[in-house]
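> Below are the structure tokens for one structure; questions will follow.
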Amino acid sequence: MYPDSEDIRRVMKNLSGVPKPTPEFIWQIVVLARGFLFEAGRACKNHGRHALVPAEQLRAQAEAFVGQPVSPYEFCVALLLVAPTPTLRPHRRPIDVSKFETLEIKFPPTERMEEYRERWTEVQKQLEAEIEREKIAQSARRMFQ
């Protein structure tokens with residue numbers, strides 16, 4: 001499954017400014033937040049000029065769609081995993097999570113995202129099913145080690 005805890009561990013090296021949780025602890029929320037960013041980018045990319053959007057605003061939208069709190073740290077990890085536009089290559093720039101309030105992301109306008117709520121519900125169900133399968137696989141791996 002993408003992302004797995006190793007993918008998260010890999011991108012966590014590019015975050016600074018706050019204590020780092022374990023990848024396993026934030027994995028589920030990161031998967032959902034990354035899914036939201038990916039789907040929102042795809043759904044809204046042709047609806048106007050991309051502009052710098054406050055990361056806090058996108059995080060609030062992600063929380064509303066995911067239905068769970070998303071910390072700034074989890075959101076930054078998800079952002080590093082999705083890189084929503086070719087002009088933003090966050091994996092080349094470290095992100096200081098302690099300055100999250102000032103972080104801006106080049107992203108398409110998301111005003112029409114509500115139109116895609118039904119599609120998101122389907123995607124979220126698929127992601128949650130993958131998360132459950134991955135949990136079962138991880139516990140089986142631990143059992144046979």
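A note on labels: chains of the structure tokens are A, B, ... as shown, every chain counts residues from 1, and ligands are counted from 1 in their shown order.
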If we count only C-alpha atoms, what is near A:Val123 at a cut-off of 12 Å, once residues fewer than 6 positions away on the same chain are taken out, given as a list in words?
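Skipping anything fewer than 6 positions along the chain leaves Val31, Leu32, Ala33, Arg34, Gly35, Phe36, Leu37, Phe38, Glu39, Ala40, Phe65, Val66, Tyr116, Arg117, Ala129 and Glu130 of chain A.
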> Could you give me the residues within chain A that DSSP places in helix (DSSP H, G or I), as an NGL selection string?
:A and (5-12 or 23-44 or 55-66 or 72-82 or 90-92 or 97-102 or 111-143)
> Quick one, how far is atom CA of A:Asp96 from atom CA of A:Arg42?
26.5 Å
> Choose the residue, out of A:Met113, A:Met12, A:Ile29, A:Val77, that has the smallest atom-to-atom separation from A:Asn46; count only C-alpha atoms.
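The shortest atom-to-atom distance to A:Asn46 comes from A:Met113.
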> Using only C-alpha atoms, find the one residue out of A:Ile8, A:Leu81, A:Leu103, A:Val97 that sits nearest to A:Pro54.
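Closest candidate: A:Leu103.
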> Could you find all residues in chain A that DSSP calls strand (DSSP E) from the backbone, and write them as number ranges by chain?
A: 15-16, 51-54, 95-96, 104-107
